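Have a look at query_38.pdb; it's PDB, C-alpha atoms:
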```
ATOM      1  CA  GLN A   1     -17.785 -28.349 -14.369
ATOM      2  CA  VAL A   2     -20.828 -29.992 -15.882
ATOM      3  CA  GLN A   3     -20.132 -32.017 -18.969
ATOM      4  CA  LEU A   4     -22.298 -33.948 -21.361
ATOM      5  CA  VAL A   5     -20.391 -36.180 -23.751
ATOM      6  CA  GLU A   6     -22.231 -37.405 -26.822
ATOM      7  CA  SER A   7     -21.239 -40.183 -29.158
ATOM      8  CA  GLY A   8     -22.650 -42.354 -31.907
ATOM      9  CA  GLY A   9     -23.261 -39.926 -34.742
ATOM     10  CA  GLY A  10     -22.077 -40.535 -38.276
ATOM     11  CA  LEU A  11     -23.024 -41.171 -41.871
ATOM     12  CA  VAL A  12     -25.658 -43.755 -42.727
ATOM     13  CA  ARG A  13     -27.769 -44.638 -45.731
ATOM     14  CA  ALA A  14     -31.498 -44.113 -45.785
ATOM     15  CA  GLY A  15     -33.232 -46.900 -43.938
ATOM     16  CA  GLY A  16     -30.270 -47.489 -41.677
ATOM     17  CA  SER A  17     -29.865 -47.199 -37.937
ATOM     18  CA  LEU A  18     -27.704 -45.352 -35.457
ATOM     19  CA  ARG A  19     -27.544 -45.221 -31.688
ATOM     20  CA  LEU A  20     -26.622 -42.012 -29.932
ATOM     21  CA  SER A  21     -25.327 -41.964 -26.368
ATOM     22  CA  CYS A  22     -24.867 -39.137 -23.920
ATOM     23  CA  ALA A  23     -22.991 -39.405 -20.640
ATOM     24  CA  ALA A  24     -23.512 -36.826 -17.899
ATOM     25  CA  SER A  25     -20.719 -35.838 -15.551
ATOM     26  CA  ASP A  26     -20.677 -36.685 -11.854
ATOM     27  CA  ARG A  27     -21.634 -33.117 -10.968
ATOM     28  CA  LEU A  28     -25.137 -33.925 -12.175
ATOM     29  CA  PHE A  29     -26.629 -36.127  -9.461
ATOM     30  CA  SER A  30     -30.338 -35.336  -9.385
ATOM     31  CA  ILE A  31     -31.285 -35.395 -13.041
ATOM     32  CA  ASP A  32     -34.926 -34.991 -13.923
ATOM     33  CA  LEU A  33     -35.396 -34.677 -17.643
ATOM     34  CA  MET A  34     -33.040 -36.035 -20.303
ATOM     35  CA  GLY A  35     -33.577 -35.609 -23.984
ATOM     36  CA  TRP A  36     -32.367 -35.144 -27.505
ATOM     37  CA  TYR A  37     -32.820 -32.156 -29.779
ATOM     38  CA  ARG A  38     -31.658 -31.647 -33.322
ATOM     39  CA  GLN A  39     -30.863 -28.737 -35.566
ATOM     40  CA  ALA A  40     -30.519 -28.777 -39.326
ATOM     41  CA  PRO A  41     -28.885 -25.849 -41.158
ATOM     42  CA  GLY A  42     -31.170 -22.841 -41.335
ATOM     43  CA  THR A  43     -33.774 -24.295 -39.004
ATOM     44  CA  PRO A  44     -34.475 -23.845 -35.279
ATOM     45  CA  ARG A  45     -33.451 -26.481 -32.783
ATOM     46  CA  GLU A  46     -36.300 -28.927 -32.251
ATOM     47  CA  LEU A  47     -37.171 -31.576 -29.718
ATOM     48  CA  VAL A  48     -36.667 -35.133 -30.907
ATOM     49  CA  ALA A  49     -37.433 -37.074 -27.733
ATOM     50  CA  SER A  50     -37.321 -36.721 -23.971
ATOM     51  CA  ILE A  51     -37.576 -38.987 -20.961
ATOM     52  CA  THR A  52     -38.219 -38.201 -17.310
ATOM     53  CA  SER A  53     -36.536 -39.836 -14.347
ATOM     54  CA  GLY A  54     -39.648 -41.974 -13.977
ATOM     55  CA  GLY A  55     -39.419 -43.213 -17.543
ATOM     56  CA  SER A  56     -42.174 -41.188 -19.187
ATOM     57  CA  THR A  57     -41.304 -40.435 -22.778
ATOM     58  CA  ASN A  58     -42.242 -37.822 -25.335
ATOM     59  CA  TYR A  59     -41.488 -37.914 -29.058
ATOM     60  CA  ALA A  60     -41.736 -35.548 -31.966
ATOM     61  CA  ASP A  61     -44.411 -36.745 -34.382
ATOM     62  CA  SER A  62     -41.813 -37.051 -37.133
ATOM     63  CA  VAL A  63     -39.857 -39.743 -35.263
ATOM     64  CA  LYS A  64     -42.601 -41.712 -33.530
ATOM     65  CA  GLY A  65     -42.304 -45.389 -34.292
ATOM     66  CA  ARG A  66     -38.736 -45.002 -35.582
ATOM     67  CA  PHE A  67     -36.753 -43.606 -32.649
ATOM     68  CA  THR A  68     -36.587 -44.866 -29.074
ATOM     69  CA  ILE A  69     -35.199 -42.954 -26.125
ATOM     70  CA  SER A  70     -33.975 -44.687 -22.992
ATOM     71  CA  ARG A  71     -31.850 -43.886 -19.976
ATOM     72  CA  ASP A  72     -29.716 -45.500 -17.319
ATOM     73  CA  ASN A  73     -30.180 -43.447 -14.169
ATOM     74  CA  ALA A  74     -27.393 -45.140 -12.243
ATOM     75  CA  LYS A  75     -24.855 -44.454 -14.981
ATOM     76  CA  LYS A  76     -26.317 -41.066 -15.961
ATOM     77  CA  LEU A  77     -26.661 -42.115 -19.561
ATOM     78  CA  VAL A  78     -29.314 -41.357 -22.134
ATOM     79  CA  TYR A  79     -29.629 -43.145 -25.449
ATOM     80  CA  LEU A  80     -31.422 -42.507 -28.703
ATOM     81  CA  GLN A  81     -31.915 -45.551 -30.896
ATOM     82  CA  MET A  82     -32.721 -44.348 -34.400
ATOM     83  CA  SER A  83     -34.080 -46.710 -37.029
ATOM     84  CA  GLY A  84     -35.536 -46.155 -40.455
ATOM     85  CA  LEU A  85     -33.413 -43.054 -40.861
ATOM     86  CA  GLN A  86     -34.306 -40.699 -43.675
ATOM     87  CA  PRO A  87     -32.407 -37.792 -45.291
ATOM     88  CA  GLU A  88     -34.658 -35.362 -43.440
ATOM     89  CA  ASP A  89     -33.232 -36.694 -40.172
ATOM     90  CA  THR A  90     -29.885 -35.166 -41.102
ATOM     91  CA  ALA A  91     -28.933 -32.676 -38.396
ATOM     92  CA  VAL A  92     -26.690 -32.021 -35.452
ATOM     93  CA  TYR A  93     -28.149 -33.872 -32.489
ATOM     94  CA  TYR A  94     -27.788 -32.357 -29.029
ATOM     95  CA  CYS A  95     -28.194 -34.017 -25.663
ATOM     96  CA  LEU A  96     -30.129 -32.094 -23.016
ATOM     97  CA  VAL A  97     -30.157 -32.727 -19.297
ATOM     98  CA  ASN A  98     -32.234 -30.796 -16.794
ATOM     99  CA  GLN A  99     -31.417 -30.680 -13.102
ATOM    100  CA  TRP A 100     -33.263 -28.421 -10.684
ATOM    101  CA  GLY A 101     -34.694 -26.372 -13.511
ATOM    102  CA  VAL A 102     -31.371 -25.741 -15.202
ATOM    103  CA  ASP A 103     -30.712 -27.015 -18.724
ATOM    104  CA  TYR A 104     -27.340 -28.392 -19.707
ATOM    105  CA  TRP A 105     -26.431 -29.083 -23.319
ATOM    106  CA  GLY A 106     -23.960 -31.349 -25.027
ATOM    107  CA  GLN A 107     -21.672 -30.186 -27.789
ATOM    108  CA  GLY A 108     -23.670 -31.931 -30.507
ATOM    109  CA  THR A 109     -23.016 -34.877 -32.772
ATOM    110  CA  GLN A 110     -23.578 -34.875 -36.522
ATOM    111  CA  VAL A 111     -25.981 -37.362 -38.078
ATOM    112  CA  THR A 112     -26.011 -37.481 -41.867
ATOM    113  CA  VAL A 113     -28.402 -39.697 -43.803
ATOM    114  CA  SER A 114     -27.711 -40.204 -47.489
ATOM    115  CA  SER A 115     -30.427 -41.068 -49.977
TER     116      SER A 115
END
```

Write out the structure in this file as structure tokens.
Amino acid sequence: QVQLVESGGGLVRAGGSLRLSCAASDRLFSIDLMGWYRQAPGTPRELVASITSGGSTNYADSVKGRFTISRDNAKKLVYLQMSGLQPEDTAVYYCLVNQWGVDYWGQGTQVTVSS
């Protein structure tokens, strides 16, 4: 069974930082794309950042310069370092992993930014 385990969410004040982590299970062994999406209440899920196995990154305009995505291929981990957090960043953050054209999703971790 494929599992993605996320951690690192929580409550933080505006301007603060959080680091999200996502660990992929051993059944994923040829991961191409890894990324983070988020979904606030009443809004569609949106891409935050993604990173390919070669290290190419893509960011939503709203987080450029504030968030950094990285990955450890050997450990099957993907990270999202979030700085300068704002109330509008409040959402459930989901880890995404793509292997052989199939998307796998984590269960989500809540990030709440207070003003």

> For the point (-24.9, -39.4, -28.1) in file coordinates, what residues are within 6 Å, counting all atoms listed in the file? Give the answer as a list in words?
Replying inline: Glu6, Ser7, Gly8, Leu20, Ser21 and Cys22 of chain A

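You can rank A:Asp103, A:Ser56, A:Val5, A:Asp72 by their closest distance to A:Ser25 using all atoms listed in the file, and at the top of that list sits A:Val5.
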
>> What does the structure give for the distance between atom CA of A:Gly35 and atom CA of A:Arg66, in Å to one decimal?
In response: 15.8 Å

> Where does the PyMOL selection byres ((chain A and resi 83) around 7) land in this file, that is, which residues does it pick, as a ChimeraX atom specification?
Replying inline: /A:15-18,66-67,81-82,84-85

> For A:Ile31, which residue among A:Lys76, A:Arg45, A:Arg19, A:Arg13 is the nearest when counting only C-alpha atoms?
Replying inline: A:Lys76

Applying the PyMOL selection byres ((chain A and resi 26) around 9) to the file I just gave you, which residues come out? Please list them as a PDB file with C-alpha atoms, in the coordinates of the input.
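Saved the output as out00.pdb:
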```
ATOM      1  CA  VAL A   2     -20.828 -29.992 -15.882  1.00  0.00           C
ATOM      2  CA  GLN A   3     -20.132 -32.017 -18.969  1.00  0.00           C
ATOM      3  CA  ALA A  24     -23.512 -36.826 -17.899  1.00  0.00           C
ATOM      4  CA  SER A  25     -20.719 -35.838 -15.551  1.00  0.00           C
ATOM      5  CA  ARG A  27     -21.634 -33.117 -10.968  1.00  0.00           C
ATOM      6  CA  LEU A  28     -25.137 -33.925 -12.175  1.00  0.00           C
ATOM      7  CA  PHE A  29     -26.629 -36.127  -9.461  1.00  0.00           C
ATOM      8  CA  LYS A  76     -26.317 -41.066 -15.961  1.00  0.00           C
TER       9      LYS A  76
END
```

> So, counting only C-alpha atoms, which residue among A:Ser30, A:Tyr37, A:Leu4, A:Thr90 is closest to A:Thr52?
Replying inline: A:Ser30

> Near A:Tyr94, within 8 Å and counting only C-alpha atoms, which residues show up once chain neighbours fewer than 3 positions away are dropped, as a PyMOL selection string?
Replying inline: chain A and resi 6+36-38+105-109

Selection file, C-alpha atoms, as a PDB file, in the frame of the given file:
```pdb
ATOM      1  CA  GLU A   6     -22.231 -37.405 -26.822  1.00  0.00           C
ATOM      2  CA  TRP A  36     -32.367 -35.144 -27.505  1.00  0.00           C
ATOM      3  CA  TYR A  37     -32.820 -32.156 -29.779  1.00  0.00           C
ATOM      4  CA  ARG A  38     -31.658 -31.647 -33.322  1.00  0.00           C
ATOM      5  CA  TRP A 105     -26.431 -29.083 -23.319  1.00  0.00           C
ATOM      6  CA  GLY A 106     -23.960 -31.349 -25.027  1.00  0.00           C
ATOM      7  CA  GLN A 107     -21.672 -30.186 -27.789  1.00  0.00           C
ATOM      8  CA  GLY A 108     -23.670 -31.931 -30.507  1.00  0.00           C
ATOM      9  CA  THR A 109     -23.016 -34.877 -32.772  1.00  0.00           C
TER      10      THR A 109
END
```

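Using only C-alpha atoms, the shortest contact distance between A:Gly9 and any of A:Gln86, A:Ser53, A:Ser70, A:Thr112 is found at A:Thr112.
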
Could you name the residues that touch A:Ser115 at 7 Å or less, counting all atoms listed in the file, but leaving out those on the same chain fewer than 2 positions away, as a PDB file with C-alpha atoms, in the coordinates of the input?
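Output contents, as saved in out34.pdb:
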```
ATOM      1  CA  ARG A  13     -27.769 -44.638 -45.731  1.00  0.00           C
ATOM      2  CA  ALA A  14     -31.498 -44.113 -45.785  1.00  0.00           C
ATOM      3  CA  PRO A  87     -32.407 -37.792 -45.291  1.00  0.00           C
ATOM      4  CA  VAL A 113     -28.402 -39.697 -43.803  1.00  0.00           C
TER       5      VAL A 113
END
```

> atom CA of A:Ile51 and atom CA of A:Glu88 are how many Å apart?
Replying inline: 23.0 Å

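Atom to atom, atom CA of A:Ser114 and atom CA of A:Ala23 stand 27.3 Å apart.
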
Test item: residues at most 10 Å from A:Asn58, only C-alpha atoms, excluding those fewer than 2 positions along its chain, as a compact mmCIF listing (two decimals) with C-alpha atoms, keeping the file's coordinate frame:
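Dumped everything to around21.txt:
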```
# COMPACT_ATOMS: atom_id res chain seq x y z
CA GLY A 35 -33.58 -35.61 -23.98
CA LEU A 47 -37.17 -31.58 -29.72
CA VAL A 48 -36.67 -35.13 -30.91
CA ALA A 49 -37.43 -37.07 -27.73
CA SER A 50 -37.32 -36.72 -23.97
CA ILE A 51 -37.58 -38.99 -20.96
CA THR A 52 -38.22 -38.20 -17.31
CA GLY A 55 -39.42 -43.21 -17.54
CA SER A 56 -42.17 -41.19 -19.19
CA ALA A 60 -41.74 -35.55 -31.97
CA ASP A 61 -44.41 -36.74 -34.38
CA LYS A 64 -42.60 -41.71 -33.53
CA THR A 68 -36.59 -44.87 -29.07
CA ILE A 69 -35.20 -42.95 -26.12
```

>> Given all atoms listed in the file as the basis, pick out the residue of A:Ala40, A:Tyr104, A:Asn73, A:Val63 nearest to A:Val92.
In response: A:Ala40

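Closest to A:Tyr93 among A:Gly54, A:Gly10, A:Gly42, A:Gly65 is A:Gly10, based on all atoms listed in the file.
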
With the input short on atoms, add all heavy atoms back to stretch 87-98 of chain A and write it as a PDB file, keeping the file's coordinate frame.
```pdb
ATOM      1  N   PRO A  87     -33.234 -38.996 -45.074  1.00  0.00           N
ATOM      2  CA  PRO A  87     -32.407 -37.792 -45.291  1.00  0.00           C
ATOM      3  C   PRO A  87     -32.876 -36.593 -44.465  1.00  0.00           C
ATOM      4  O   PRO A  87     -32.040 -35.785 -44.029  1.00  0.00           O
ATOM      5  CB  PRO A  87     -32.544 -37.548 -46.783  1.00  0.00           C
ATOM      6  CG  PRO A  87     -32.751 -38.910 -47.373  1.00  0.00           C
ATOM      7  CD  PRO A  87     -33.597 -39.637 -46.362  1.00  0.00           C
ATOM      8  N   GLU A  88     -34.156 -36.498 -44.228  1.00  0.00           N
ATOM      9  CA  GLU A  88     -34.658 -35.362 -43.440  1.00  0.00           C
ATOM     10  C   GLU A  88     -34.296 -35.454 -41.963  1.00  0.00           C
ATOM     11  O   GLU A  88     -34.515 -34.505 -41.211  1.00  0.00           O
ATOM     12  CB  GLU A  88     -36.181 -35.224 -43.600  1.00  0.00           C
ATOM     13  CG  GLU A  88     -36.960 -36.476 -43.325  1.00  0.00           C
ATOM     14  CD  GLU A  88     -37.257 -37.271 -44.594  1.00  0.00           C
ATOM     15  OE1 GLU A  88     -36.400 -37.274 -45.515  1.00  0.00           O
ATOM     16  OE2 GLU A  88     -38.341 -37.888 -44.650  1.00  0.00           O
ATOM     17  N   ASP A  89     -33.733 -36.564 -41.542  1.00  0.00           N
ATOM     18  CA  ASP A  89     -33.232 -36.694 -40.172  1.00  0.00           C
ATOM     19  C   ASP A  89     -31.825 -36.123 -40.034  1.00  0.00           C
ATOM     20  O   ASP A  89     -31.298 -36.060 -38.912  1.00  0.00           O
ATOM     21  CB  ASP A  89     -33.227 -38.160 -39.735  1.00  0.00           C
ATOM     22  CG  ASP A  89     -34.615 -38.756 -39.655  1.00  0.00           C
ATOM     23  OD1 ASP A  89     -35.522 -38.093 -39.101  1.00  0.00           O
ATOM     24  OD2 ASP A  89     -34.811 -39.896 -40.130  1.00  0.00           O
ATOM     25  N   THR A  90     -31.229 -35.735 -41.133  1.00  0.00           N
ATOM     26  CA  THR A  90     -29.885 -35.166 -41.102  1.00  0.00           C
ATOM     27  C   THR A  90     -29.878 -33.884 -40.287  1.00  0.00           C
ATOM     28  O   THR A  90     -30.663 -32.963 -40.537  1.00  0.00           O
ATOM     29  CB  THR A  90     -29.387 -34.882 -42.523  1.00  0.00           C
ATOM     30  OG1 THR A  90     -29.247 -36.122 -43.229  1.00  0.00           O
ATOM     31  CG2 THR A  90     -28.053 -34.162 -42.505  1.00  0.00           C
ATOM     32  N   ALA A  91     -29.001 -33.828 -39.296  1.00  0.00           N
ATOM     33  CA  ALA A  91     -28.933 -32.676 -38.396  1.00  0.00           C
ATOM     34  C   ALA A  91     -27.800 -32.901 -37.400  1.00  0.00           C
ATOM     35  O   ALA A  91     -27.234 -34.001 -37.321  1.00  0.00           O
ATOM     36  CB  ALA A  91     -30.246 -32.498 -37.646  1.00  0.00           C
ATOM     37  N   VAL A  92     -27.525 -31.860 -36.633  1.00  0.00           N
ATOM     38  CA  VAL A  92     -26.690 -32.021 -35.452  1.00  0.00           C
ATOM     39  C   VAL A  92     -27.626 -32.353 -34.291  1.00  0.00           C
ATOM     40  O   VAL A  92     -28.607 -31.642 -34.055  1.00  0.00           O
ATOM     41  CB  VAL A  92     -25.884 -30.748 -35.142  1.00  0.00           C
ATOM     42  CG1 VAL A  92     -25.075 -30.937 -33.865  1.00  0.00           C
ATOM     43  CG2 VAL A  92     -24.967 -30.403 -36.310  1.00  0.00           C
ATOM     44  N   TYR A  93     -27.319 -33.420 -33.602  1.00  0.00           N
ATOM     45  CA  TYR A  93     -28.149 -33.872 -32.489  1.00  0.00           C
ATOM     46  C   TYR A  93     -27.485 -33.475 -31.175  1.00  0.00           C
ATOM     47  O   TYR A  93     -26.293 -33.740 -30.964  1.00  0.00           O
ATOM     48  CB  TYR A  93     -28.342 -35.383 -32.558  1.00  0.00           C
ATOM     49  CG  TYR A  93     -29.343 -35.795 -33.612  1.00  0.00           C
ATOM     50  CD1 TYR A  93     -29.046 -35.646 -34.968  1.00  0.00           C
ATOM     51  CD2 TYR A  93     -30.592 -36.305 -33.263  1.00  0.00           C
ATOM     52  CE1 TYR A  93     -29.972 -35.992 -35.941  1.00  0.00           C
ATOM     53  CE2 TYR A  93     -31.521 -36.657 -34.232  1.00  0.00           C
ATOM     54  CZ  TYR A  93     -31.205 -36.502 -35.567  1.00  0.00           C
ATOM     55  OH  TYR A  93     -32.130 -36.842 -36.533  1.00  0.00           O
ATOM     56  N   TYR A  94     -28.285 -32.862 -30.304  1.00  0.00           N
ATOM     57  CA  TYR A  94     -27.788 -32.357 -29.029  1.00  0.00           C
ATOM     58  C   TYR A  94     -28.469 -33.077 -27.868  1.00  0.00           C
ATOM     59  O   TYR A  94     -29.697 -33.253 -27.855  1.00  0.00           O
ATOM     60  CB  TYR A  94     -28.069 -30.865 -28.890  1.00  0.00           C
ATOM     61  CG  TYR A  94     -27.366 -29.995 -29.890  1.00  0.00           C
ATOM     62  CD1 TYR A  94     -27.961 -29.675 -31.107  1.00  0.00           C
ATOM     63  CD2 TYR A  94     -26.098 -29.485 -29.625  1.00  0.00           C
ATOM     64  CE1 TYR A  94     -27.319 -28.884 -32.032  1.00  0.00           C
ATOM     65  CE2 TYR A  94     -25.448 -28.682 -30.543  1.00  0.00           C
ATOM     66  CZ  TYR A  94     -26.064 -28.388 -31.743  1.00  0.00           C
ATOM     67  OH  TYR A  94     -25.418 -27.581 -32.658  1.00  0.00           O
ATOM     68  N   CYS A  95     -27.689 -33.441 -26.904  1.00  0.00           N
ATOM     69  CA  CYS A  95     -28.194 -34.017 -25.663  1.00  0.00           C
ATOM     70  C   CYS A  95     -28.563 -32.883 -24.715  1.00  0.00           C
ATOM     71  O   CYS A  95     -27.844 -31.879 -24.606  1.00  0.00           O
ATOM     72  CB  CYS A  95     -27.103 -34.892 -25.054  1.00  0.00           C
ATOM     73  SG  CYS A  95     -27.458 -35.528 -23.412  1.00  0.00           S
ATOM     74  N   LEU A  96     -29.680 -33.054 -24.019  1.00  0.00           N
ATOM     75  CA  LEU A  96     -30.129 -32.094 -23.016  1.00  0.00           C
ATOM     76  C   LEU A  96     -30.360 -32.822 -21.702  1.00  0.00           C
ATOM     77  O   LEU A  96     -30.947 -33.896 -21.673  1.00  0.00           O
ATOM     78  CB  LEU A  96     -31.436 -31.436 -23.451  1.00  0.00           C
ATOM     79  CG  LEU A  96     -32.169 -30.667 -22.362  1.00  0.00           C
ATOM     80  CD1 LEU A  96     -31.486 -29.334 -22.115  1.00  0.00           C
ATOM     81  CD2 LEU A  96     -33.633 -30.452 -22.711  1.00  0.00           C
ATOM     82  N   VAL A  97     -29.908 -32.206 -20.638  1.00  0.00           N
ATOM     83  CA  VAL A  97     -30.157 -32.727 -19.297  1.00  0.00           C
ATOM     84  C   VAL A  97     -30.654 -31.574 -18.438  1.00  0.00           C
ATOM     85  O   VAL A  97     -30.110 -30.476 -18.489  1.00  0.00           O
ATOM     86  CB  VAL A  97     -28.867 -33.323 -18.697  1.00  0.00           C
ATOM     87  CG1 VAL A  97     -29.026 -33.560 -17.208  1.00  0.00           C
ATOM     88  CG2 VAL A  97     -28.502 -34.615 -19.408  1.00  0.00           C
ATOM     89  N   ASN A  98     -31.690 -31.829 -17.680  1.00  0.00           N
ATOM     90  CA  ASN A  98     -32.234 -30.796 -16.794  1.00  0.00           C
ATOM     91  C   ASN A  98     -32.132 -31.251 -15.346  1.00  0.00           C
ATOM     92  O   ASN A  98     -32.609 -32.332 -14.989  1.00  0.00           O
ATOM     93  CB  ASN A  98     -33.686 -30.508 -17.148  1.00  0.00           C
ATOM     94  CG  ASN A  98     -34.280 -29.401 -16.281  1.00  0.00           C
ATOM     95  OD1 ASN A  98     -34.637 -29.627 -15.132  1.00  0.00           O
ATOM     96  ND2 ASN A  98     -34.372 -28.212 -16.831  1.00  0.00           N
TER      97      ASN A  98
END
```
